[in-house]
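**Q** Structure supplied as entry-v8.txt; contents: compact mmCIF, C-alpha atoms and all ligand atoms.
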# COMPACT_ATOMS: atom_id res chain seq x y z
CA MET W 463 -56.97 32.36 -13.77
CA LEU W 464 -54.23 32.88 -11.20
CA THR W 465 -54.23 36.11 -9.33
CA LYS W 466 -51.18 38.32 -9.60
CA ALA W 467 -50.19 37.56 -6.00
CA VAL W 468 -50.45 33.74 -6.43
CA ARG W 469 -48.49 33.94 -9.65
CA ALA W 470 -45.72 35.93 -7.93
CA ALA W 471 -45.63 33.45 -5.04
CA LEU W 472 -45.38 30.48 -7.42
CA ILE W 473 -42.53 32.08 -9.34
CA GLY W 474 -40.79 32.66 -6.02
CA VAL W 475 -41.11 28.98 -5.03
CA VAL W 476 -39.83 27.77 -8.39
CA ALA W 477 -36.96 30.21 -8.31
CA ALA W 478 -36.01 29.23 -4.75
CA GLY W 479 -36.10 25.59 -5.77
CA PHE W 480 -33.89 26.30 -8.72
CA PHE W 481 -31.26 28.51 -7.14
CA GLY W 482 -31.19 27.68 -3.49
CA GLY W 483 -33.32 24.92 -1.93
CA CYS W 484 -32.88 21.17 -1.78
CA GLY W 485 -31.83 19.15 -4.83
CA THR W 486 -30.10 22.18 -6.27
CA LYS W 487 -26.54 22.99 -7.15
CA ASP W 488 -24.21 23.34 -4.21
CA ALA W 489 -21.85 26.19 -5.06
CA ARG W 490 -19.00 24.90 -2.86
CA PRO W 491 -15.89 23.68 -4.70
CA VAL W 492 -15.71 19.89 -4.73
CA ILE W 493 -12.42 18.14 -4.02
CA ARG W 494 -12.44 14.66 -5.57
CA LEU W 495 -10.15 11.81 -4.67
CA LEU W 496 -9.85 8.16 -5.63
CA THR W 497 -8.87 5.58 -2.99
CA GLY W 498 -9.23 1.85 -2.46
CA PRO W 499 -12.27 0.39 -0.66
CA ASP W 500 -12.72 2.41 2.54
CA SER W 501 -13.39 -0.72 4.62
CA GLY W 502 -12.51 0.70 8.05
CA GLY W 503 -14.25 3.99 7.25
CA GLY W 504 -10.99 5.91 7.75
CA PHE W 505 -11.36 8.19 4.73
CA LYS W 506 -15.02 8.92 5.44
CA GLU W 507 -14.19 9.95 8.99
CA ILE W 508 -11.33 12.26 7.90
CA ILE W 509 -13.61 13.79 5.28
CA ARG W 510 -16.36 14.29 7.86
CA GLN W 511 -13.92 16.08 10.17
CA PHE W 512 -12.53 18.18 7.32
CA GLU W 513 -15.95 19.29 6.12
CA ALA W 514 -16.87 20.24 9.68
CA ALA W 515 -13.71 22.37 9.91
CA ARG W 516 -14.15 23.80 6.39
CA PRO W 517 -17.88 24.16 5.66
CA ASP W 518 -16.95 26.12 2.52
CA LEU W 519 -15.51 22.99 0.85
CA ARG W 520 -16.87 19.59 -0.09
CA VAL W 521 -14.93 16.34 -0.59
CA GLU W 522 -16.14 13.55 -2.83
CA LEU W 523 -14.62 10.15 -2.19
CA VAL W 524 -14.45 7.66 -5.06
CA GLU W 525 -13.78 4.17 -3.67
CA GLY W 526 -11.96 2.27 -6.39
CA PRO W 527 -10.67 -1.30 -6.60
CA ALA W 528 -8.22 -2.64 -4.01
CA ALA W 529 -5.26 -3.38 -6.31
CA THR W 530 -2.85 -0.45 -6.55
CA ASN W 531 -2.01 -1.04 -10.22
CA THR W 532 -5.69 -0.87 -11.23
CA ARG W 533 -6.10 2.46 -9.48
CA GLU W 534 -2.87 3.72 -11.04
CA ASP W 535 -4.41 2.98 -14.44
CA MET W 536 -7.59 4.84 -13.48
CA TYR W 537 -5.64 7.93 -12.47
CA ALA W 538 -3.42 7.68 -15.57
CA ALA W 539 -6.43 7.39 -17.90
CA SER W 540 -7.98 10.48 -16.32
CA PHE W 541 -4.73 12.47 -16.60
CA MET W 542 -4.28 11.50 -20.23
CA ALA W 543 -7.81 12.67 -20.95
CA GLN W 544 -7.11 15.81 -18.87
CA ASP W 545 -10.64 15.50 -17.57
CA GLY W 546 -9.88 16.91 -14.12
CA ALA W 547 -11.81 14.04 -12.54
CA TYR W 548 -9.59 14.02 -9.44
CA ASP W 549 -8.10 16.87 -7.47
CA VAL W 550 -6.29 14.98 -4.74
CA VAL W 551 -4.17 12.07 -5.94
CA PHE W 552 -3.91 9.36 -3.30
CA MET W 553 -0.62 7.88 -4.44
CA ASP W 554 1.32 4.68 -3.90
CA VAL W 555 5.06 5.38 -3.47
CA ILE W 556 5.81 3.59 -6.76
CA TRP W 557 3.64 5.95 -8.85
CA VAL W 558 5.56 9.10 -7.99
CA PRO W 559 8.35 8.97 -10.65
CA LYS W 560 5.88 8.19 -13.45
CA PHE W 561 3.24 10.78 -12.51
CA ALA W 562 5.87 13.45 -11.84
CA ALA W 563 7.85 12.77 -15.05
CA ALA W 564 4.62 13.02 -17.06
CA GLY W 565 3.74 16.37 -15.47
CA TRP W 566 0.46 14.95 -14.12
CA ILE W 567 0.99 16.12 -10.54
CA LEU W 568 2.08 19.44 -9.05
CA PRO W 569 5.36 19.94 -7.20
CA LEU W 570 4.62 20.79 -3.56
CA ASP W 571 7.94 22.36 -2.53
CA ASP W 572 6.39 25.73 -1.61
CA ARG W 573 3.51 24.20 0.30
CA PHE W 574 5.52 21.41 1.94
CA PRO W 575 8.95 22.92 2.73
CA ALA W 576 11.88 21.07 4.35
CA GLU W 577 10.98 22.21 7.92
CA GLU W 578 7.56 20.57 7.56
CA ARG W 579 9.07 17.34 6.25
CA ALA W 580 11.34 16.88 9.26
CA ASP W 581 8.64 15.09 11.32
CA PHE W 582 8.08 12.44 8.61
CA LEU W 583 9.91 9.11 8.20
CA PRO W 584 12.87 9.61 5.83
CA GLY W 585 11.96 6.71 3.49
CA ASP W 586 8.47 8.12 2.97
CA ILE W 587 9.91 11.54 2.16
CA SER W 588 12.56 10.28 -0.26
CA GLY W 589 9.88 8.15 -1.97
CA SER W 590 7.86 11.35 -2.50
CA ILE W 591 10.66 13.17 -4.32
CA TYR W 592 11.29 12.88 -8.04
CA GLN W 593 14.54 14.39 -9.27
CA THR W 594 14.72 17.51 -7.09
CA LYS W 595 11.07 18.22 -6.29
CA ILE W 596 8.58 16.80 -3.81
CA TYR W 597 5.16 15.67 -5.07
CA ARG W 598 3.51 13.86 -2.20
CA VAL W 599 2.77 14.28 1.50
CA PRO W 600 3.12 10.82 3.06
CA MET W 601 0.17 9.60 5.11
CA GLN W 602 0.67 5.84 5.43
CA SER W 603 3.98 4.08 5.88
CA ASP W 604 4.44 0.46 4.86
CA ALA W 605 7.01 -2.32 4.91
CA GLY W 606 6.46 -6.03 4.39
CA MET W 607 6.92 -8.44 7.30
CA LEU W 608 6.26 -11.96 8.48
CA TYR W 609 3.41 -12.62 10.92
CA TYR W 610 3.39 -15.79 12.97
CA ARG W 611 1.13 -17.59 15.41
CA LYS W 612 2.95 -17.09 18.67
CA ASP W 613 0.65 -19.47 20.56
CA LEU W 614 1.35 -22.36 18.15
CA LEU W 615 5.10 -21.81 18.22
CA ASP W 616 5.15 -21.38 22.01
CA ALA W 617 3.22 -24.63 22.49
CA GLU W 618 6.01 -26.47 20.67
CA LYS W 619 8.70 -24.38 22.39
CA ARG W 620 9.85 -23.05 19.02
CA VAL W 621 11.23 -19.61 18.16
CA PRO W 622 10.18 -17.62 15.08
CA PRO W 623 12.07 -18.50 11.89
CA ARG W 624 14.90 -16.43 10.44
CA THR W 625 15.78 -18.46 7.35
CA VAL W 626 13.65 -19.86 4.54
CA GLU W 627 14.54 -23.40 5.66
CA GLU W 628 13.40 -22.69 9.23
CA LEU W 629 10.16 -21.21 7.94
CA ALA W 630 9.47 -24.20 5.69
CA GLU W 631 10.23 -26.66 8.46
CA LEU W 632 7.98 -24.90 10.99
CA ALA W 633 5.18 -24.40 8.48
CA ARG W 634 5.23 -28.10 7.64
CA ALA W 635 5.26 -29.13 11.29
CA LEU W 636 2.44 -26.81 12.38
CA GLN W 637 0.08 -26.93 9.42
CA SER W 638 -2.89 -29.25 9.09
CA PRO W 639 -4.32 -28.59 5.62
CA PRO W 640 -6.92 -27.79 4.50
CA ASP W 641 -7.99 -26.35 7.88
CA ARG W 642 -4.72 -24.64 8.62
CA TRP W 643 -2.01 -23.92 6.08
CA GLY W 644 1.65 -23.15 6.72
CA LEU W 645 1.95 -19.79 4.94
CA VAL W 646 -0.17 -17.26 3.09
CA PHE W 647 1.20 -14.46 0.92
CA GLN W 648 0.07 -12.21 -1.93
CA GLY W 649 0.25 -14.67 -4.81
CA GLN W 650 -2.13 -13.09 -7.30
CA GLN W 651 -0.71 -11.57 -10.47
CA TYR W 652 -0.60 -7.91 -9.36
CA GLU W 653 1.68 -5.43 -7.61
CA GLY W 654 1.48 -7.17 -4.24
CA LEU W 655 3.13 -10.26 -5.73
CA VAL W 656 6.10 -8.15 -6.82
CA CYS W 657 6.47 -6.82 -3.26
CA ALA W 658 6.43 -10.34 -1.81
CA PHE W 659 8.78 -11.65 -4.51
CA LEU W 660 11.31 -8.85 -4.01
CA GLU W 661 11.59 -9.62 -0.31
CA VAL W 662 12.45 -13.23 -1.12
CA LEU W 663 14.73 -12.18 -3.99
CA TRP W 664 16.67 -9.71 -1.82
CA GLY W 665 16.73 -12.27 0.99
CA PHE W 666 18.54 -14.66 -1.38
CA GLY W 667 21.00 -11.94 -2.35
CA GLY W 668 19.50 -11.18 -5.79
CA ASP W 669 18.21 -7.92 -7.27
CA VAL W 670 16.37 -6.60 -10.33
CA ILE W 671 18.56 -3.62 -11.25
CA ASP W 672 21.90 -2.51 -9.82
CA ALA W 673 22.92 0.98 -8.73
CA GLU W 674 24.04 1.86 -12.28
CA GLY W 675 20.67 0.88 -13.73
CA ARG W 676 21.86 -2.43 -15.25
CA VAL W 677 19.41 -5.34 -15.14
CA THR W 678 20.91 -8.01 -12.87
CA LEU W 679 17.82 -10.16 -12.44
CA ASP W 680 19.14 -13.19 -14.31
CA SER W 681 21.37 -14.51 -11.55
CA PRO W 682 21.52 -17.90 -9.82
CA GLU W 683 20.28 -16.16 -6.63
CA SER W 684 17.12 -15.03 -8.41
CA VAL W 685 16.44 -18.50 -9.75
CA ARG W 686 16.85 -20.00 -6.28
CA ALA W 687 14.57 -17.33 -4.80
CA LEU W 688 11.83 -18.01 -7.34
CA GLU W 689 12.24 -21.77 -6.94
CA TRP W 690 11.59 -21.35 -3.24
CA LEU W 691 8.53 -19.13 -3.74
CA ALA W 692 7.07 -21.25 -6.56
CA GLY W 693 7.50 -24.36 -4.42
CA LEU W 694 5.05 -23.07 -1.80
CA PRO W 695 1.57 -23.39 -3.37
CA THR W 696 -0.16 -26.69 -2.50
CA ARG W 697 2.73 -27.81 -0.27
CA LEU W 698 2.87 -25.13 2.40
CA ALA W 699 0.46 -22.54 1.00
CA PRO W 700 -3.16 -23.15 -0.06
CA PRO W 701 -3.72 -23.80 -3.79
CA GLY W 702 -5.82 -20.61 -3.85
CA VAL W 703 -2.85 -18.48 -2.79
CA THR W 704 -2.25 -17.62 -6.45
CA THR W 705 -5.46 -15.55 -6.27
CA TYR W 706 -4.79 -13.83 -2.93
CA GLN W 707 -4.25 -10.12 -2.35
CA GLU W 708 -3.56 -8.60 1.09
CA GLU W 709 -7.08 -8.88 2.43
CA GLU W 710 -7.57 -12.55 1.51
CA CYS W 711 -4.36 -13.33 3.40
CA ARG W 712 -5.36 -11.21 6.37
CA GLN W 713 -8.79 -12.84 6.62
CA MET W 714 -7.36 -16.32 6.46
CA PHE W 715 -4.67 -15.63 9.05
CA GLN W 716 -7.14 -13.80 11.28
CA ASP W 717 -9.52 -16.78 11.09
CA GLY W 718 -6.72 -18.96 12.44
CA ARG W 719 -6.27 -20.75 9.13
CA ALA W 720 -2.56 -20.05 8.57
CA VAL W 721 0.54 -20.35 10.75
CA PHE W 722 2.52 -17.65 8.90
CA MET W 723 1.57 -14.70 6.73
CA ARG W 724 3.49 -12.17 4.67
CA ASN W 725 1.70 -8.85 4.90
CA TRP W 726 1.93 -5.11 5.67
CA PRO W 727 1.71 -3.71 9.20
CA TYR W 728 -1.98 -2.70 8.93
CA ALA W 729 -2.96 -6.35 9.48
CA TRP W 730 -1.64 -6.24 13.04
CA THR W 731 -4.21 -3.76 14.29
CA LEU W 732 -7.08 -5.64 12.63
CA CYS W 733 -5.93 -9.07 13.87
CA GLN W 734 -5.68 -7.67 17.42
CA LYS W 735 -9.16 -6.14 17.44
CA GLU W 736 -11.65 -7.36 19.99
CA GLY W 737 -13.44 -10.46 18.69
CA SER W 738 -10.55 -11.49 16.42
CA PRO W 739 -9.86 -15.24 16.81
CA VAL W 740 -6.09 -14.62 16.89
CA ARG W 741 -6.12 -11.65 19.26
CA GLY W 742 -3.12 -11.90 21.61
CA LYS W 743 -1.75 -14.91 19.73
CA ILE W 744 0.40 -13.30 17.05
CA GLY W 745 3.87 -11.90 16.57
CA ILE W 746 5.88 -10.26 13.78
CA VAL W 747 9.46 -10.71 12.60
CA PRO W 748 11.39 -9.51 9.56
CA MET W 749 10.83 -11.60 6.43
CA VAL W 750 12.99 -14.74 6.27
CA HIS W 751 16.16 -14.96 4.15
CA ALA W 752 18.46 -17.64 2.75
CA ALA W 753 21.13 -18.98 5.11
CA GLY W 754 24.07 -16.57 5.30
CA LYS W 755 22.06 -13.64 3.84
CA THR W 756 19.96 -10.89 5.45
CA SER W 757 16.26 -10.03 5.66
CA ALA W 758 14.71 -7.39 3.46
CA ALA W 759 11.41 -5.55 3.57
CA THR W 760 9.78 -3.90 0.56
CA LEU W 761 9.05 -0.23 1.15
CA GLY W 762 5.41 0.60 0.48
CA GLY W 763 3.33 3.53 1.50
CA TRP W 764 0.75 6.07 0.47
CA GLY W 765 0.46 9.82 0.36
CA TYR W 766 -1.44 12.72 -1.17
CA GLY W 767 -0.53 14.80 -4.19
CA ILE W 768 -2.39 17.37 -6.29
CA SER W 769 -3.47 16.75 -9.87
CA ALA W 770 -2.01 19.17 -12.41
CA TYR W 771 -5.53 19.30 -13.94
CA SER W 772 -7.33 20.20 -10.71
CA LYS W 773 -9.43 23.37 -10.86
CA HIS W 774 -9.07 23.78 -7.09
CA PRO W 775 -5.42 23.14 -6.18
CA GLY W 776 -5.66 25.47 -3.16
CA ALA W 777 -8.69 23.62 -1.77
CA ALA W 778 -6.99 20.28 -2.53
CA TRP W 779 -4.00 21.43 -0.51
CA SER W 780 -6.21 22.42 2.44
CA PHE W 781 -7.53 18.87 2.53
CA ILE W 782 -4.05 17.31 2.25
CA GLU W 783 -2.67 19.51 5.01
CA PHE W 784 -5.57 18.58 7.29
CA ALA W 785 -5.55 14.84 6.53
CA THR W 786 -1.83 14.42 7.23
CA GLN W 787 -1.79 16.10 10.67
CA ALA W 788 -0.88 13.87 13.61
CA ALA W 789 -4.46 13.86 14.96
CA GLN W 790 -5.93 12.70 11.62
CA GLN W 791 -3.21 10.07 11.11
CA LYS W 792 -4.17 8.66 14.50
CA VAL W 793 -7.85 8.50 13.57
CA PHE W 794 -6.91 6.77 10.33
CA HIS W 795 -4.64 4.33 12.14
CA PHE W 796 -7.31 3.25 14.60
CA ARG W 797 -9.89 2.79 11.82
CA THR W 798 -7.77 0.96 9.26
CA GLY W 799 -4.57 -0.22 10.97
CA ALA W 800 -2.54 2.01 8.61
CA ILE W 801 0.86 2.99 9.97
CA PRO W 802 1.40 6.74 10.40
CA THR W 803 4.20 8.59 8.66
CA ARG W 804 4.99 11.10 11.40
CA LYS W 805 7.90 10.02 13.60
CA SER W 806 6.30 11.59 16.69
CA LEU W 807 3.41 9.09 16.52
CA PHE W 808 5.76 6.15 17.15
CA ASP W 809 6.03 7.45 20.73
CA ASP W 810 2.34 8.24 21.07
CA ALA W 811 0.87 6.80 24.27
CA ASP W 812 -2.57 6.01 22.74
CA ILE W 813 -1.00 4.15 19.83
CA LEU W 814 1.57 2.30 21.96
CA LYS W 815 -1.20 1.04 24.23
CA GLY W 816 -2.72 -1.07 21.44
CA SER W 817 0.49 -1.55 19.47
CA PRO W 818 3.49 -2.10 21.75
CA HIS W 819 5.34 -3.49 18.70
CA PHE W 820 5.55 0.02 17.19
CA LYS W 821 9.10 0.47 18.44
CA GLU W 822 10.34 -2.57 16.49
CA LEU W 823 8.17 -1.62 13.56
CA TYR W 824 9.95 1.71 13.41
CA THR W 825 13.28 -0.07 12.88
CA VAL W 826 11.79 -2.25 10.11
CA LEU W 827 10.37 0.84 8.38
CA LEU W 828 13.72 2.62 8.50
CA ALA W 829 15.45 -0.34 6.82
CA ALA W 830 12.80 -1.00 4.11
CA ARG W 831 14.07 -1.09 0.51
CA PRO W 832 12.38 0.73 -2.36
CA ARG W 833 11.30 -1.08 -5.49
CA PRO W 834 13.23 0.05 -8.60
CA VAL W 835 12.77 3.83 -8.70
CA HIS W 836 12.09 4.53 -12.35
CA PRO W 837 9.47 6.40 -14.42
CA ARG W 838 8.93 3.06 -16.19
CA TYR W 839 8.54 1.09 -12.99
CA SER W 840 5.01 0.00 -13.94
CA ARG W 841 6.46 -1.73 -17.05
CA ILE W 842 9.12 -3.46 -14.94
CA SER W 843 6.49 -4.51 -12.44
CA ASP W 844 4.13 -5.76 -15.12
CA ILE W 845 6.87 -8.02 -16.53
CA LEU W 846 7.73 -9.30 -13.05
CA GLN W 847 4.06 -9.90 -12.23
CA ARG W 848 3.51 -12.01 -15.33
CA HIS W 849 6.67 -14.08 -15.03
CA VAL W 850 6.62 -14.67 -11.28
CA SER W 851 2.96 -15.63 -11.54
CA ALA W 852 3.68 -18.02 -14.44
CA ALA W 853 6.26 -19.78 -12.27
CA LEU W 854 3.85 -19.92 -9.34
CA VAL W 855 1.12 -21.61 -11.36
CA GLY W 856 3.62 -23.93 -13.05
CA GLN W 857 3.42 -22.47 -16.57
CA LEU W 858 7.14 -21.63 -16.65
CA THR W 859 10.08 -23.10 -14.77
CA PRO W 860 11.59 -20.59 -12.36
CA GLU W 861 14.75 -20.50 -14.45
CA LYS W 862 12.92 -19.71 -17.68
CA ALA W 863 10.70 -17.18 -15.93
CA ILE W 864 13.74 -15.31 -14.60
CA GLN W 865 15.56 -15.37 -17.94
CA ASP W 866 12.55 -14.15 -19.91
CA ALA W 867 11.69 -11.47 -17.36
CA ALA W 868 15.27 -10.13 -17.33
CA GLU W 869 15.34 -9.96 -21.12
CA LYS W 870 11.97 -8.17 -21.31
CA ILE W 871 12.98 -5.67 -18.62
CA ARG W 872 16.20 -4.92 -20.54
CA GLN W 873 14.16 -4.25 -23.69
CA ALA W 874 11.66 -2.10 -21.80
CA LEU W 875 14.40 0.09 -20.35
CA GLN W 876 16.33 0.55 -23.58
C1 LIG O 901 0.59 -1.70 -0.03
C2 LIG O 901 1.83 -0.81 -0.16
C3 LIG O 901 2.02 -0.37 -1.58
C4 LIG O 901 2.06 -1.57 -2.49
C5 LIG O 901 0.81 -2.41 -2.33
C6 LIG O 901 0.88 -3.69 -3.15
O1 LIG O 901 -0.55 -0.96 -0.21
O2 LIG O 901 1.73 0.31 0.68
O3 LIG O 901 3.18 0.39 -1.70
O4 LIG O 901 2.27 -1.21 -3.83
O5 LIG O 901 0.61 -2.75 -0.98
O6 LIG O 901 -0.28 -4.44 -3.04
As structure tokens, what does this structure read like?

**A**
Amino acid sequence: MLTKAVRAALIGVVAAGFFGGCGTKDARPVIRLLTGPDSGGGFKEIIRQFEAARPDLRVELVEGPAATNTREDMYAASFMAQDGAYDVVFMDVIWVPKFAAAGWILPLDDRFPAEERADFLPGDISGSIYQTKIYRVPMQSDAGMLYYRKDLLDAEKRVPPRTVEELAELARALQSPPDRWGLVFQGQQYEGLVCAFLEVLWGFGGDVIDAEGRVTLDSPESVRALEWLAGLPTRLAPPGVTTYQEEECRQMFQDGRAVFMRNWPYAWTLCQKEGSPVRGKIGIVPMVHAAGKTSAATLGGWGYGISAYSKHPGAAWSFIEFATQAAQQKVFHFRTGAIPTRKSLFDDADILKGSPHFKELYTVLLAARPRPVHPRYSRISDILQRHVSAALVGQLTPEKAIQDAAEKIRQALQ
């Protein structure tokens, strides 16, 4: 028999365990967000700082797959189910028209007024607007560029290439496969391939859609561009390039196993880290173009929006506001190499110390070109991914790939 006092004490312990103590429900609102793999620990550090500043809120990070299109599908599936799985939407620039047109994300005009936007890069802001409203606060700017091994070029007294012919000639002269290949780029069938392809396409004077929305992909310029790109694997690029995303390229270039690399600016910071085999031996230039044409960079970039199904839009906003401040963008930059979106950081002494190339980078970012801005961009991209990839692996001739892709894009946009 338990005495009255023991019984009362036991009930107290059980009750405390149930309502308050460890292993019990934390009453704080949880802000959930889905990102790619947090390899540099940038998101975890921002979340740690945010939770320290706001002990009344909790952030749950879901680290998803690296490919942007796979994460887009995960967000889209959750929105269609209206399951409220994510509060903060960590968004690629290309998702904005689709998510906004579907009503899946909240307009942020009241929270993020024009005065606040003035410190951000203009391309990142315009990529966050759909029709007349803004849906995203930019936090990482991106534009594609060509990395080169400065030491190898200097040793031969060569200057970085400007045209596709110069690139091919230098790559051939300086490669020694399989130890060192001429060029690596994102050749896997996914969004990154479209970014790399568009830079070549624009650099040959071609385009996918014109200003009036007409599909102009089936042009001789496009065929020549794809012929050039599809001619790279096994000659100047490793056979495995058709399976590479950004990180495979970065690792190979950083290991000293490629003379040139097409990639985003984040790779610079990582390649220059202490212990990197190519530290102090690299340079960047705009992507090459066909003779008589001009270089083009694909505009990329990431930012935060709020899910229309979030139960805590106010808390989600608090996190977004915090994470996109200059101080947090700096932390994120040093952890991951990501390029900030605030103009003021391109003059920041701490950043310029490790990244003196930021001044030139700024110019590249200002000139970067958006991918077709359309609510059905993911359809357009999917068609491009399949056809460009088929040409790369030799399943379709470049000419047939371009013709078929143009026809399918026309149908998709009808
Ligand atoms: C980068 C860019 C993004 C692009 C992706 C493709 O993350 O910022 O815009 O879609 O690469 O892999």

**Q** Counting only C-alpha atoms and all ligand atoms, which residues of chain W fall within 6 Å of ligand LIG 901 (chain O), and what is the closest atom pair for each with its distance in Å at one decimal, ordered by chain and rising number, as CSV?

**A**
residue,atom,partner,partner_atom,distance
W:Thr530,CA,O:LIG901,O4,5.8
W:Asp554,CA,O:LIG901,O3,5.2
W:Val555,CA,O:LIG901,O3,5.6
W:Asp604,CA,O:LIG901,O2,5.0
W:Glu653,CA,O:LIG901,C6,4.9
W:Gly654,CA,O:LIG901,O6,3.5
W:Gly762,CA,O:LIG901,O3,3.1
W:Gly763,CA,O:LIG901,O2,3.7
W:Trp764,CA,O:LIG901,O2,5.8

**Q** Compute the distance from (18.5, -9.8, 3.1) to each atom, counting all atoms listed in the file, keep the residues with any atom at most 10 Å away, and return them as a PDB file with C-alpha atoms, in the frame of the given file; use the coordinates of the file.

**A**
ATOM      1  CA  GLU W 661      11.590  -9.620  -0.310  1.00  0.00           C
ATOM      2  CA  VAL W 662      12.450 -13.230  -1.120  1.00  0.00           C
ATOM      3  CA  LEU W 663      14.730 -12.180  -3.990  1.00  0.00           C
ATOM      4  CA  TRP W 664      16.670  -9.710  -1.820  1.00  0.00           C
ATOM      5  CA  GLY W 665      16.730 -12.270   0.990  1.00  0.00           C
ATOM      6  CA  PHE W 666      18.540 -14.660  -1.380  1.00  0.00           C
ATOM      7  CA  GLY W 667      21.000 -11.940  -2.350  1.00  0.00           C
ATOM      8  CA  GLY W 668      19.500 -11.180  -5.790  1.00  0.00           C
ATOM      9  CA  PRO W 748      11.390  -9.510   9.560  1.00  0.00           C
ATOM     10  CA  MET W 749      10.830 -11.600   6.430  1.00  0.00           C
ATOM     11  CA  VAL W 750      12.990 -14.740   6.270  1.00  0.00           C
ATOM     12  CA  HIS W 751      16.160 -14.960   4.150  1.00  0.00           C
ATOM     13  CA  ALA W 752      18.460 -17.640   2.750  1.00  0.00           C
ATOM     14  CA  ALA W 753      21.130 -18.980   5.110  1.00  0.00           C
ATOM     15  CA  GLY W 754      24.070 -16.570   5.300  1.00  0.00           C
ATOM     16  CA  LYS W 755      22.060 -13.640   3.840  1.00  0.00           C
ATOM     17  CA  THR W 756      19.960 -10.890   5.450  1.00  0.00           C
ATOM     18  CA  SER W 757      16.260 -10.030   5.660  1.00  0.00           C
ATOM     19  CA  ALA W 758      14.710  -7.390   3.460  1.00  0.00           C
ATOM     20  CA  ALA W 759      11.410  -5.550   3.570  1.00  0.00           C
TER      21      ALA W 759
END

**Q** I'd like to know which of W:Ala770, W:Leu688, W:Ile813, W:Ala673 is closest to Ala564 in chain W, using all atoms listed in the file.

**A** W:Ala770

**Q** What lies within 8 Å of Thr678 in chain W using all atoms listed in the file, ignoring chain neighbours under 2 positions off, as a CSV table (one decimal) with C-alpha atoms, keeping the file's coordinate frame?

**A**
chain,number,residue,atom,x,y,z
W,668,GLY,CA,19.5,-11.2,-5.8
W,669,ASP,CA,18.2,-7.9,-7.3
W,670,VAL,CA,16.4,-6.6,-10.3
W,671,ILE,CA,18.6,-3.6,-11.2
W,672,ASP,CA,21.9,-2.5,-9.8
W,676,ARG,CA,21.9,-2.4,-15.2
W,680,ASP,CA,19.1,-13.2,-14.3
W,681,SER,CA,21.4,-14.5,-11.6
W,868,ALA,CA,15.3,-10.1,-17.3

**Q** Using all atoms listed in the file, which of the listed residues (W:Arg724, W:Glu710, W:Ala800, W:Asp641) sits closest to Asp500 in chain W?

**A**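 Between W:Arg724, W:Glu710, W:Ala800, W:Asp641, the residue approaching Asp500 in chain W most closely is W:Ala800.
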
**Q** Please determine, counting only C-alpha atoms, which residue among W:Pro775, W:Pro802, W:Gly585, W:Gly737 has the shortest atom-to-atom distance to Ala830 in chain W.

**A** W:Gly585

**Q** Which polymer residues, protein or nucleic acid, are no farther than 10 Å from (-13.3, 13.7, 8.1), counting all atoms listed in the file, as a PDB file with C-alpha atoms, keeping the file's coordinate frame?

**A**
ATOM      1  CA  GLY W 503     -14.250   3.990   7.250  1.00  0.00           C
ATOM      2  CA  GLY W 504     -10.990   5.910   7.750  1.00  0.00           C
ATOM      3  CA  PHE W 505     -11.360   8.190   4.730  1.00  0.00           C
ATOM      4  CA  LYS W 506     -15.020   8.920   5.440  1.00  0.00           C
ATOM      5  CA  GLU W 507     -14.190   9.950   8.990  1.00  0.00           C
ATOM      6  CA  ILE W 508     -11.330  12.260   7.900  1.00  0.00           C
ATOM      7  CA  ILE W 509     -13.610  13.790   5.280  1.00  0.00           C
ATOM      8  CA  ARG W 510     -16.360  14.290   7.860  1.00  0.00           C
ATOM      9  CA  GLN W 511     -13.920  16.080  10.170  1.00  0.00           C
ATOM     10  CA  PHE W 512     -12.530  18.180   7.320  1.00  0.00           C
ATOM     11  CA  GLU W 513     -15.950  19.290   6.120  1.00  0.00           C
ATOM     12  CA  ALA W 514     -16.870  20.240   9.680  1.00  0.00           C
ATOM     13  CA  ALA W 515     -13.710  22.370   9.910  1.00  0.00           C
ATOM     14  CA  VAL W 521     -14.930  16.340  -0.590  1.00  0.00           C
ATOM     15  CA  PHE W 781      -7.530  18.870   2.530  1.00  0.00           C
ATOM     16  CA  PHE W 784      -5.570  18.580   7.290  1.00  0.00           C
ATOM     17  CA  ALA W 785      -5.550  14.840   6.530  1.00  0.00           C
ATOM     18  CA  GLN W 790      -5.930  12.700  11.620  1.00  0.00           C
ATOM     19  CA  VAL W 793      -7.850   8.500  13.570  1.00  0.00           C
ATOM     20  CA  PHE W 794      -6.910   6.770  10.330  1.00  0.00           C
TER      21      PHE W 794
END

**Q** Which one is closest to Gly565 in chain W: W:Glu869, W:Ile768, W:Leu614, W:Val703? Count only C-alpha atoms.

**A**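 Ranked by minimum distance to Gly565 in chain W, first place goes to W:Ile768.
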
**Q** For a quick check of understanding, using only C-alpha atoms, which of W:Pro527, W:Leu854, W:Pro569, W:Leu828 has the smallest distance to Gly693 in chain W?

**A**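 Nearest to Gly693 in chain W: W:Leu854.
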
**Q** Between W:Trp690, W:Tyr597, W:Phe541, W:Phe647, single out the one closest to Ala630 in chain W, counting all atoms listed in the file.

**A**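 Closest to Ala630 in chain W of all the choices is W:Trp690.
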
**Q** Determine, counting only C-alpha atoms, which protein, DNA and RNA residues have an atom within 10 Å of an atom of Lys773 in chain W; residues of the same chain fewer than 2 positions away are not included. Present the result as a PyMOL selection string.

**A** chain W and resi 491-493+546-549+769-771+775-778
